[in-house]
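K.L.:
Got a structure here, written out as structure tokens. Questions coming.
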Amino acid sequence: MMNAMEVLLSRRWILKAKDRELYYQMKDELGKMKKFLTEKLGYPVIVNPYLVKVEKIPARAENWMGIQEFTNPIEYVFFCLILMFLEDKEAEEQFVLSELTEYVQGQYREEAIDWTVYRFRRHLIKVMKYCVANGILNVDDGSEESFARDDTSEVLYENTGVSRYFMKNFTRDIRNYTSPEDFMQEEWIDVDADRGIVRRQRVYRTLLMSMGLYRTQDTEEDFAYVRNYRNMIQGELAEWIPCELQVHRTSAFLVLSEESRLGRCFPEENTISDIVLLCNHLIWEEIKAGNIPVPADERIRISRVQFMEILEHCKARYGKGFIKTYREMLTGEFCREIFAYMKSMELIEEKRDTVWIRTAVGKVFGAYPEDFDKDRGEEEK
């Protein structure tokens, strides 16, 4: 059976136009969950004729956040300009692509936008496809691909009316904000300066949204809260999500049960995640062998060169068991891809030429059986 809390926390929103049955199910069940969402997490809940949405704000800005489909800053700028453009459009109002491209061209300040240049069209197409996929726009006629081939091609769009609920509503002028920290401070200003409420909401958000809560100088207060109230936190979270809170000397993790479907978790059901499990095992072997020292604060750090050697060893030792893509990948490319993935998943942190290995690496790892080479050889015959 579908877990309503997991659905609300995992999805950006539930649109009535796209999933009418789920929309009404979430609307009906929201009453039971609203107190937990607003008091423990501090998440505003939006319910209107278009959608049901829980405004999920993180405790801290982290590597994995952002729109995964976007790979260039200009795509974020185009997206914001599209949201501005749609503010003056009514729900179900139609417009043609040239109307939007003229608006973007006029509003963009960093450089002159020339739609005859393919890279500008490519970035805009990616953003438009994202808007359509997320229910912000409907395509009534034409295709973005025709615009990719020819800057004079038209596409007829329809505004669904949900664009105004995409961005968080800020209570203060954000034009002078220059860093993620400015936005995070804004988040806690309106909590009546109650440090207890701020700490509680920050802890619950971290446990639910991050790979783990680590004890550092900055999080000492939060970690003390988890340690002192671990049974209460475990009970409240387990009431809504099948999970277990595991608290260690310098870290705390929310370990989800196998039936849980709460957003993006590690390990994922993909090959690169499986490879990282093998890398984690090699790191653990190095620690047991005494080649990687573990300091008192458990903040393990090694050189980038040494870390890359572990990734190279992983490919050499287990590569025969990988799918063709990774089996035939050049070692340098393989190491870069695995490194980037581990960094994005908050398993490691990079500081200059040093790699900090987080204790989450030791929570879950895997290995092939000793005779996997033999089994592999028989499969290939």
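Labels for the structure tokens follow display order: chains A, B, ..., residues from 1 in each chain, ligands from 1.
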What's the 12 Å shell around Pro49 (chain A), counting only C-alpha atoms, without same-chain residues fewer than 6 positions away, as a PDB file with all heavy atoms, in the first residue's frame?
P.N.:
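around-v5.pdb, freshly written:
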ATOM      1  N   ILE A  14       1.893  16.954  -6.075  1.00  0.00           N
ATOM      2  CA  ILE A  14       0.948  16.035  -6.714  1.00  0.00           C
ATOM      3  C   ILE A  14      -0.062  16.909  -7.441  1.00  0.00           C
ATOM      4  O   ILE A  14      -0.813  17.665  -6.812  1.00  0.00           O
ATOM      5  CB  ILE A  14       0.245  15.109  -5.703  1.00  0.00           C
ATOM      6  CG1 ILE A  14       1.254  14.147  -5.074  1.00  0.00           C
ATOM      7  CG2 ILE A  14      -0.838  14.285  -6.383  1.00  0.00           C
ATOM      8  CD1 ILE A  14       1.844  14.616  -3.796  1.00  0.00           C
ATOM      9  N   LEU A  15      -0.059  16.821  -8.766  1.00  0.00           N
ATOM     10  CA  LEU A  15      -0.919  17.673  -9.583  1.00  0.00           C
ATOM     11  C   LEU A  15      -2.249  16.985  -9.856  1.00  0.00           C
ATOM     12  O   LEU A  15      -2.285  15.823 -10.281  1.00  0.00           O
ATOM     13  CB  LEU A  15      -0.234  17.998 -10.913  1.00  0.00           C
ATOM     14  CG  LEU A  15       1.108  18.740 -10.815  1.00  0.00           C
ATOM     15  CD1 LEU A  15       1.698  18.926 -12.206  1.00  0.00           C
ATOM     16  CD2 LEU A  15       0.941  20.086 -10.123  1.00  0.00           C
ATOM     17  N   LYS A  16      -3.319  17.705  -9.636  1.00  0.00           N
ATOM     18  CA  LYS A  16      -4.648  17.160  -9.881  1.00  0.00           C
ATOM     19  C   LYS A  16      -4.833  16.800 -11.348  1.00  0.00           C
ATOM     20  O   LYS A  16      -5.428  15.762 -11.677  1.00  0.00           O
ATOM     21  CB  LYS A  16      -5.706  18.186  -9.451  1.00  0.00           C
ATOM     22  CG  LYS A  16      -7.143  17.720  -9.600  1.00  0.00           C
ATOM     23  CD  LYS A  16      -8.086  18.818  -9.156  1.00  0.00           C
ATOM     24  CE  LYS A  16      -9.543  18.428  -9.355  1.00  0.00           C
ATOM     25  NZ  LYS A  16     -10.448  19.537  -8.957  1.00  0.00           N
ATOM     26  N   ALA A  17      -4.308  17.625 -12.250  1.00  0.00           N
ATOM     27  CA  ALA A  17      -4.481  17.396 -13.681  1.00  0.00           C
ATOM     28  C   ALA A  17      -3.751  16.135 -14.153  1.00  0.00           C
ATOM     29  O   ALA A  17      -4.165  15.503 -15.115  1.00  0.00           O
ATOM     30  CB  ALA A  17      -3.980  18.611 -14.462  1.00  0.00           C
ATOM     31  N   ARG A  20      -5.300  12.579 -10.736  1.00  0.00           N
ATOM     32  CA  ARG A  20      -6.480  13.007  -9.995  1.00  0.00           C
ATOM     33  C   ARG A  20      -6.743  12.137  -8.754  1.00  0.00           C
ATOM     34  O   ARG A  20      -7.013  12.644  -7.662  1.00  0.00           O
ATOM     35  CB  ARG A  20      -7.703  12.969 -10.929  1.00  0.00           C
ATOM     36  CG  ARG A  20      -8.949  13.619 -10.375  1.00  0.00           C
ATOM     37  CD  ARG A  20     -10.090  13.514 -11.389  1.00  0.00           C
ATOM     38  NE  ARG A  20     -11.262  14.231 -10.932  1.00  0.00           N
ATOM     39  CZ  ARG A  20     -11.489  15.510 -11.158  1.00  0.00           C
ATOM     40  NH1 ARG A  20     -10.607  16.218 -11.858  1.00  0.00           N
ATOM     41  NH2 ARG A  20     -12.574  16.099 -10.693  1.00  0.00           N
ATOM     42  N   TYR A  23      -4.149  12.783  -6.080  1.00  0.00           N
ATOM     43  CA  TYR A  23      -4.394  14.132  -5.541  1.00  0.00           C
ATOM     44  C   TYR A  23      -5.439  14.084  -4.436  1.00  0.00           C
ATOM     45  O   TYR A  23      -5.239  14.617  -3.333  1.00  0.00           O
ATOM     46  CB  TYR A  23      -4.824  15.066  -6.677  1.00  0.00           C
ATOM     47  CG  TYR A  23      -5.427  16.379  -6.222  1.00  0.00           C
ATOM     48  CD1 TYR A  23      -4.631  17.461  -5.898  1.00  0.00           C
ATOM     49  CD2 TYR A  23      -6.822  16.532  -6.139  1.00  0.00           C
ATOM     50  CE1 TYR A  23      -5.180  18.669  -5.494  1.00  0.00           C
ATOM     51  CE2 TYR A  23      -7.384  17.723  -5.731  1.00  0.00           C
ATOM     52  CZ  TYR A  23      -6.562  18.785  -5.411  1.00  0.00           C
ATOM     53  OH  TYR A  23      -7.125  19.984  -4.996  1.00  0.00           O
ATOM     54  N   TYR A  24      -6.559  13.414  -4.698  1.00  0.00           N
ATOM     55  CA  TYR A  24      -7.621  13.352  -3.696  1.00  0.00           C
ATOM     56  C   TYR A  24      -7.233  12.466  -2.513  1.00  0.00           C
ATOM     57  O   TYR A  24      -7.604  12.745  -1.360  1.00  0.00           O
ATOM     58  CB  TYR A  24      -8.928  12.858  -4.338  1.00  0.00           C
ATOM     59  CG  TYR A  24      -9.647  13.945  -5.102  1.00  0.00           C
ATOM     60  CD1 TYR A  24      -9.758  13.909  -6.490  1.00  0.00           C
ATOM     61  CD2 TYR A  24     -10.204  15.032  -4.423  1.00  0.00           C
ATOM     62  CE1 TYR A  24     -10.410  14.924  -7.194  1.00  0.00           C
ATOM     63  CE2 TYR A  24     -10.860  16.057  -5.118  1.00  0.00           C
ATOM     64  CZ  TYR A  24     -10.954  15.988  -6.491  1.00  0.00           C
ATOM     65  OH  TYR A  24     -11.586  16.995  -7.177  1.00  0.00           O
ATOM     66  N   LYS A  27      -4.973  14.613  -0.388  1.00  0.00           N
ATOM     67  CA  LYS A  27      -5.788  15.661   0.227  1.00  0.00           C
ATOM     68  C   LYS A  27      -6.561  15.103   1.424  1.00  0.00           C
ATOM     69  O   LYS A  27      -6.661  15.752   2.481  1.00  0.00           O
ATOM     70  CB  LYS A  27      -6.752  16.220  -0.824  1.00  0.00           C
ATOM     71  CG  LYS A  27      -7.389  17.542  -0.445  1.00  0.00           C
ATOM     72  CD  LYS A  27      -8.220  18.074  -1.604  1.00  0.00           C
ATOM     73  CE  LYS A  27      -8.927  19.357  -1.203  1.00  0.00           C
ATOM     74  NZ  LYS A  27      -9.798  19.853  -2.286  1.00  0.00           N
ATOM     75  N   ALA A  91      -4.240  30.620 -15.983  1.00  0.00           N
ATOM     76  CA  ALA A  91      -4.279  29.170 -16.175  1.00  0.00           C
ATOM     77  C   ALA A  91      -5.031  28.855 -17.458  1.00  0.00           C
ATOM     78  O   ALA A  91      -6.060  29.477 -17.756  1.00  0.00           O
ATOM     79  CB  ALA A  91      -4.963  28.502 -14.987  1.00  0.00           C
ATOM     80  N   THR A 160      -0.366  25.895 -17.336  1.00  0.00           N
ATOM     81  CA  THR A 160      -1.267  25.088 -16.495  1.00  0.00           C
ATOM     82  C   THR A 160      -1.714  25.828 -15.235  1.00  0.00           C
ATOM     83  O   THR A 160      -2.674  25.422 -14.591  1.00  0.00           O
ATOM     84  CB  THR A 160      -0.582  23.778 -16.074  1.00  0.00           C
ATOM     85  OG1 THR A 160       0.557  24.091 -15.252  1.00  0.00           O
ATOM     86  CG2 THR A 160      -0.147  22.974 -17.289  1.00  0.00           C
ATOM     87  N   GLY A 161      -0.959  26.874 -14.856  1.00  0.00           N
ATOM     88  CA  GLY A 161      -1.331  27.638 -13.651  1.00  0.00           C
ATOM     89  C   GLY A 161      -0.557  27.257 -12.406  1.00  0.00           C
ATOM     90  O   GLY A 161      -0.713  27.888 -11.355  1.00  0.00           O
ATOM     91  N   VAL A 162       0.292  26.221 -12.491  1.00  0.00           N
ATOM     92  CA  VAL A 162       0.986  25.777 -11.272  1.00  0.00           C
ATOM     93  C   VAL A 162       2.364  26.418 -11.103  1.00  0.00           C
ATOM     94  O   VAL A 162       3.006  26.233 -10.062  1.00  0.00           O
ATOM     95  CB  VAL A 162       1.122  24.232 -11.226  1.00  0.00           C
ATOM     96  CG1 VAL A 162      -0.236  23.573 -11.344  1.00  0.00           C
ATOM     97  CG2 VAL A 162       2.076  23.726 -12.308  1.00  0.00           C
TER      98      VAL A 162
END
K.L.:
Which residues, written as a short mmCIF file (atom, residue, chain, number, x, y, z; two decimals) with N, CA, C and O atoms, in the first residue's frame, have at least one atom at most 12 Å from Phe307 (chain A), with only C-alpha atoms counted and residues fewer than 4 positions away on the same chain left out?
P.N.:
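And here's result_15.cif as it stands now:
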data_model
loop_
_atom_site.label_atom_id
_atom_site.label_comp_id
_atom_site.auth_asym_id
_atom_site.auth_seq_id
_atom_site.Cartn_x
_atom_site.Cartn_y
_atom_site.Cartn_z
N CYS A 279 33.57 -0.28 -3.71
CA CYS A 279 34.61 0.68 -3.30
C CYS A 279 34.59 0.88 -1.79
O CYS A 279 35.65 0.94 -1.15
N ASN A 280 33.39 0.97 -1.23
CA ASN A 280 33.26 1.13 0.22
C ASN A 280 33.92 -0.04 0.95
O ASN A 280 34.55 0.13 1.99
N LEU A 282 36.41 -1.88 -0.14
CA LEU A 282 37.86 -1.75 -0.25
C LEU A 282 38.39 -0.72 0.73
O LEU A 282 39.48 -0.90 1.31
N ILE A 283 37.65 0.36 0.92
CA ILE A 283 38.04 1.38 1.90
C ILE A 283 38.05 0.76 3.30
O ILE A 283 38.98 0.97 4.09
N GLU A 286 41.08 -1.33 3.78
CA GLU A 286 42.26 -0.49 4.02
C GLU A 286 42.30 -0.01 5.46
O GLU A 286 43.37 0.08 6.07
N ASN A 291 46.06 0.83 6.87
CA ASN A 291 46.59 1.72 5.83
C ASN A 291 45.89 3.07 5.82
O ASN A 291 46.42 4.04 5.27
N ILE A 292 44.69 3.12 6.40
CA ILE A 292 43.97 4.38 6.54
C ILE A 292 43.68 4.57 8.03
O ILE A 292 42.88 3.83 8.60
N ILE A 300 37.78 10.72 8.71
CA ILE A 300 38.88 10.11 7.98
C ILE A 300 39.26 10.97 6.77
O ILE A 300 38.40 11.41 6.00
N ARG A 301 40.55 11.22 6.64
CA ARG A 301 40.98 11.98 5.47
C ARG A 301 42.23 11.34 4.88
O ARG A 301 43.14 10.93 5.60
N ILE A 302 42.24 11.24 3.56
CA ILE A 302 43.38 10.71 2.83
C ILE A 302 43.64 11.60 1.63
O ILE A 302 42.80 12.44 1.27
N SER A 303 44.78 11.42 0.98
CA SER A 303 45.07 12.24 -0.19
C SER A 303 44.17 11.81 -1.35
O SER A 303 43.71 10.67 -1.41
N LEU A 311 39.97 3.47 -6.08
CA LEU A 311 39.00 3.31 -7.17
C LEU A 311 39.60 2.49 -8.30
O LEU A 311 38.91 1.65 -8.90
N GLU A 312 40.88 2.74 -8.60
CA GLU A 312 41.55 1.96 -9.65
C GLU A 312 41.62 0.48 -9.26
O GLU A 312 41.40 -0.40 -10.09
N HIS A 313 41.90 0.24 -7.99
CA HIS A 313 41.96 -1.13 -7.48
C HIS A 313 40.60 -1.81 -7.62
O HIS A 313 40.51 -2.99 -7.96
N CYS A 314 39.53 -1.06 -7.37
CA CYS A 314 38.17 -1.60 -7.49
C CYS A 314 37.92 -2.07 -8.92
O CYS A 314 37.39 -3.16 -9.13
N CYS A 335 37.28 6.37 -12.72
CA CYS A 335 37.56 6.98 -11.42
C CYS A 335 36.86 8.32 -11.27
O CYS A 335 36.30 8.63 -10.22
N ARG A 336 36.86 9.13 -12.34
CA ARG A 336 36.19 10.44 -12.28
C ARG A 336 34.69 10.28 -12.05
O ARG A 336 34.09 11.02 -11.26
N ILE A 338 33.01 7.64 -10.69
CA ILE A 338 32.71 7.11 -9.37
C ILE A 338 32.95 8.18 -8.31
O ILE A 338 32.16 8.34 -7.36
N PHE A 339 34.03 8.94 -8.47
CA PHE A 339 34.36 10.02 -7.52
C PHE A 339 33.24 11.06 -7.48
O PHE A 339 32.79 11.47 -6.40
N MET A 342 30.11 9.60 -5.70
CA MET A 342 30.27 9.52 -4.25
C MET A 342 30.23 10.90 -3.61
O MET A 342 29.69 11.09 -2.52
N ILE A 348 31.64 11.25 0.36
CA ILE A 348 32.97 11.85 0.52
C ILE A 348 32.86 13.35 0.33
O ILE A 348 31.87 13.87 -0.19
N GLU A 349 33.90 14.04 0.78
CA GLU A 349 33.98 15.49 0.62
C GLU A 349 35.38 15.81 0.16
O GLU A 349 36.35 15.22 0.63
N GLU A 350 35.51 16.73 -0.77
CA GLU A 350 36.81 17.09 -1.32
C GLU A 350 37.23 18.47 -0.85
O GLU A 350 36.46 19.43 -0.94
N ASP A 353 43.48 18.95 -2.16
CA ASP A 353 43.97 17.64 -2.60
C ASP A 353 43.67 16.55 -1.57
O ASP A 353 44.29 15.48 -1.59
N THR A 354 42.72 16.83 -0.67
CA THR A 354 42.37 15.88 0.38
C THR A 354 40.94 15.39 0.20
O THR A 354 40.05 16.17 -0.16
N VAL A 355 40.71 14.12 0.45
CA VAL A 355 39.37 13.54 0.41
C VAL A 355 38.98 13.15 1.83
O VAL A 355 39.71 12.38 2.48
N TRP A 356 37.86 13.67 2.30
CA TRP A 356 37.32 13.32 3.61
C TRP A 356 36.29 12.20 3.40
O TRP A 356 35.33 12.37 2.65
N ILE A 357 36.51 11.08 4.03
CA ILE A 357 35.61 9.93 3.88
C ILE A 357 34.63 9.93 5.05
O ILE A 357 35.03 9.85 6.22
#
K.L.:
Excluding Leu256 (chain A) and residues on its chain fewer than 6 positions from it, collect all residues at most 9 Å away from it, counting only C-alpha atoms, and give them as a list in words.
P.N.:
Ile241, Pro242, Cys243, Glu244, Leu245, Leu262 and Cys265 of chain A
K.L.:
Restricting it to N, CA, C and O atoms, dump the selection as a PDB file, in the first residue's frame.
P.N.:
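The resulting file, part_36.pdb, is reproduced below:
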ATOM      1  N   ILE A 241       7.111   6.432   8.665  1.00  0.00           N
ATOM      2  CA  ILE A 241       7.994   5.836   7.667  1.00  0.00           C
ATOM      3  C   ILE A 241       8.659   4.605   8.277  1.00  0.00           C
ATOM      4  O   ILE A 241       9.176   4.688   9.398  1.00  0.00           O
ATOM      5  N   PRO A 242       8.679   3.472   7.579  1.00  0.00           N
ATOM      6  CA  PRO A 242       9.373   2.295   8.113  1.00  0.00           C
ATOM      7  C   PRO A 242      10.882   2.535   8.156  1.00  0.00           C
ATOM      8  O   PRO A 242      11.540   2.537   7.108  1.00  0.00           O
ATOM      9  N   CYS A 243      11.419   2.779   9.347  1.00  0.00           N
ATOM     10  CA  CYS A 243      12.824   3.173   9.455  1.00  0.00           C
ATOM     11  C   CYS A 243      13.366   2.870  10.841  1.00  0.00           C
ATOM     12  O   CYS A 243      12.609   2.565  11.769  1.00  0.00           O
ATOM     13  N   GLU A 244      14.675   2.988  10.958  1.00  0.00           N
ATOM     14  CA  GLU A 244      15.339   2.826  12.251  1.00  0.00           C
ATOM     15  C   GLU A 244      16.377   3.923  12.397  1.00  0.00           C
ATOM     16  O   GLU A 244      17.170   4.168  11.481  1.00  0.00           O
ATOM     17  N   LEU A 245      16.384   4.600  13.537  1.00  0.00           N
ATOM     18  CA  LEU A 245      17.375   5.632  13.815  1.00  0.00           C
ATOM     19  C   LEU A 245      18.572   4.973  14.492  1.00  0.00           C
ATOM     20  O   LEU A 245      18.436   4.382  15.560  1.00  0.00           O
ATOM     21  N   LEU A 262      11.156   6.272   0.153  1.00  0.00           N
ATOM     22  CA  LEU A 262      11.290   7.688   0.492  1.00  0.00           C
ATOM     23  C   LEU A 262      12.383   8.336  -0.358  1.00  0.00           C
ATOM     24  O   LEU A 262      13.563   8.329  -0.008  1.00  0.00           O
ATOM     25  N   CYS A 265      17.661   7.278  -2.166  1.00  0.00           N
ATOM     26  CA  CYS A 265      18.405   6.690  -1.060  1.00  0.00           C
ATOM     27  C   CYS A 265      19.640   5.975  -1.593  1.00  0.00           C
ATOM     28  O   CYS A 265      19.770   5.745  -2.792  1.00  0.00           O
TER      29      CYS A 265
END
K.L.:
So what do you get for CA of Lys343 (chain A) versus CA of Met211 (chain A), distance-wise?
P.N.:
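CA of Lys343 (chain A) sits 11.4 Å away from CA of Met211 (chain A).
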K.L.:
Could you name the residues that touch Glu298 (chain A) at 10 Å or less, counting only C-alpha atoms, but leaving out those on the same chain fewer than 6 positions away, as a PyMOL selection string?
P.N.:
chain A and resi 214-215+249-251+357-359
K.L.:
Mind giving me the straight-line distance from CA of Gly366 (chain A) to CA of His281 (chain A) in Å, one decimal?
P.N.:
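According to the coordinates, CA of Gly366 (chain A) and CA of His281 (chain A) are separated by 5.8 Å.
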K.L.:
So which one's closest to Ile287 (chain A), A:Lys168, A:Asn270, A:Val361, A:Glu154? Using only C-alpha atoms, please.
P.N.:
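Ranked by minimum distance to Ile287 (chain A), first place goes to A:Val361.
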K.L.:
For Asn3 (chain A), please output as a list in words all residues within 9 Å (counting only C-alpha atoms; exclusion window: fewer than 6 positions along the same chain).
P.N.:
Trp240, Ile241, Ser260 and Arg261 of chain A
K.L.:
From the set A:Lys35, A:Arg172, A:Arg164, A:Arg205, which residue has the shortest atom-to-atom contact distance to Gly135 (chain A), counting only C-alpha atoms?
P.N.:
A:Arg164
K.L.:
Record the distance separating CA of Lys53 (chain A) and CA of Met128 (chain A), expressed in Å with one decimal.
P.N.:
21.7 Å
K.L.:
Among region 120-204 of chain A, which residues carry a DSSP assignment of strand (DSSP E or B), reported as a PyMOL selection string?
P.N.:
chain A and resi 137-141+156-159
K.L.:
Would you export the selected residues with all heavy atoms as a short mmCIF file (atom, residue, chain, number, x, y, z; two decimals), in the first residue's frame, please?
P.N.:
data_model
loop_
_atom_site.label_atom_id
_atom_site.label_comp_id
_atom_site.auth_asym_id
_atom_site.auth_seq_id
_atom_site.Cartn_x
_atom_site.Cartn_y
_atom_site.Cartn_z
N LEU A 137 3.90 23.42 -17.94
CA LEU A 137 3.40 23.75 -19.28
C LEU A 137 2.87 22.50 -19.96
O LEU A 137 3.32 21.38 -19.68
CB LEU A 137 4.53 24.33 -20.15
CG LEU A 137 5.17 25.65 -19.74
CD1 LEU A 137 6.36 25.95 -20.63
CD2 LEU A 137 4.15 26.79 -19.81
N ASN A 138 1.93 22.70 -20.88
CA ASN A 138 1.49 21.65 -21.80
C ASN A 138 1.84 22.07 -23.22
O ASN A 138 1.77 23.27 -23.54
CB ASN A 138 -0.03 21.43 -21.70
CG ASN A 138 -0.43 20.78 -20.40
OD1 ASN A 138 0.33 19.99 -19.82
ND2 ASN A 138 -1.62 21.10 -19.91
N VAL A 139 2.23 21.11 -24.04
CA VAL A 139 2.48 21.40 -25.46
C VAL A 139 1.19 21.12 -26.21
O VAL A 139 0.71 19.98 -26.24
CB VAL A 139 3.62 20.53 -26.01
CG1 VAL A 139 3.81 20.80 -27.50
CG2 VAL A 139 4.91 20.78 -25.25
N ASP A 140 0.60 22.15 -26.82
CA ASP A 140 -0.64 21.98 -27.57
C ASP A 140 -0.40 21.72 -29.06
O ASP A 140 -1.21 21.08 -29.73
CB ASP A 140 -1.53 23.24 -27.41
CG ASP A 140 -2.17 23.29 -26.04
OD1 ASP A 140 -2.11 22.28 -25.31
OD2 ASP A 140 -2.74 24.35 -25.68
N ASP A 141 0.75 22.21 -29.56
CA ASP A 141 1.06 21.98 -30.98
C ASP A 141 2.54 22.22 -31.22
O ASP A 141 3.12 23.16 -30.67
CB ASP A 141 0.23 22.91 -31.88
CG ASP A 141 0.36 22.55 -33.35
OD1 ASP A 141 0.44 21.34 -33.65
OD2 ASP A 141 0.40 23.47 -34.18
N LEU A 156 3.29 25.76 -29.74
CA LEU A 156 2.17 26.35 -29.00
C LEU A 156 2.09 25.70 -27.62
O LEU A 156 1.94 24.48 -27.50
CB LEU A 156 0.85 26.13 -29.76
CG LEU A 156 -0.41 26.71 -29.10
CD1 LEU A 156 -0.33 28.23 -29.02
CD2 LEU A 156 -1.67 26.27 -29.85
N TYR A 157 2.21 26.54 -26.59
CA TYR A 157 2.17 26.05 -25.21
C TYR A 157 0.92 26.53 -24.50
O TYR A 157 0.28 27.51 -24.90
CB TYR A 157 3.39 26.56 -24.42
CG TYR A 157 4.70 25.96 -24.82
CD1 TYR A 157 5.58 26.65 -25.65
CD2 TYR A 157 5.07 24.69 -24.36
CE1 TYR A 157 6.81 26.09 -26.02
CE2 TYR A 157 6.30 24.14 -24.72
CZ TYR A 157 7.15 24.84 -25.55
OH TYR A 157 8.35 24.28 -25.90
N GLU A 158 0.62 25.82 -23.42
CA GLU A 158 -0.50 26.22 -22.55
C GLU A 158 0.01 26.29 -21.12
O GLU A 158 0.66 25.37 -20.63
CB GLU A 158 -1.64 25.19 -22.65
CG GLU A 158 -2.82 25.51 -21.74
CD GLU A 158 -3.84 24.40 -21.76
OE1 GLU A 158 -4.19 23.93 -22.87
OE2 GLU A 158 -4.29 23.97 -20.67
N ASN A 159 -0.25 27.39 -20.46
CA ASN A 159 0.13 27.55 -19.06
C ASN A 159 -0.86 26.79 -18.18
O ASN A 159 -2.07 26.99 -18.27
CB ASN A 159 0.11 29.04 -18.70
CG ASN A 159 0.42 29.28 -17.23
OD1 ASN A 159 1.22 28.56 -16.64
ND2 ASN A 159 -0.22 30.28 -16.64
#
K.L.:
Could you name the residues that touch Tyr118 (chain A) at 10 Å or less, counting only C-alpha atoms, but leaving out those on the same chain fewer than 2 positions away, as a list in words?
P.N.:
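My list of contacting residues is Asp114, Trp115, Thr116, Phe120, Arg121, Arg122, His123, Leu124, Phe147, Ala148, Arg149, Asp150 and Asp151 of chain A.
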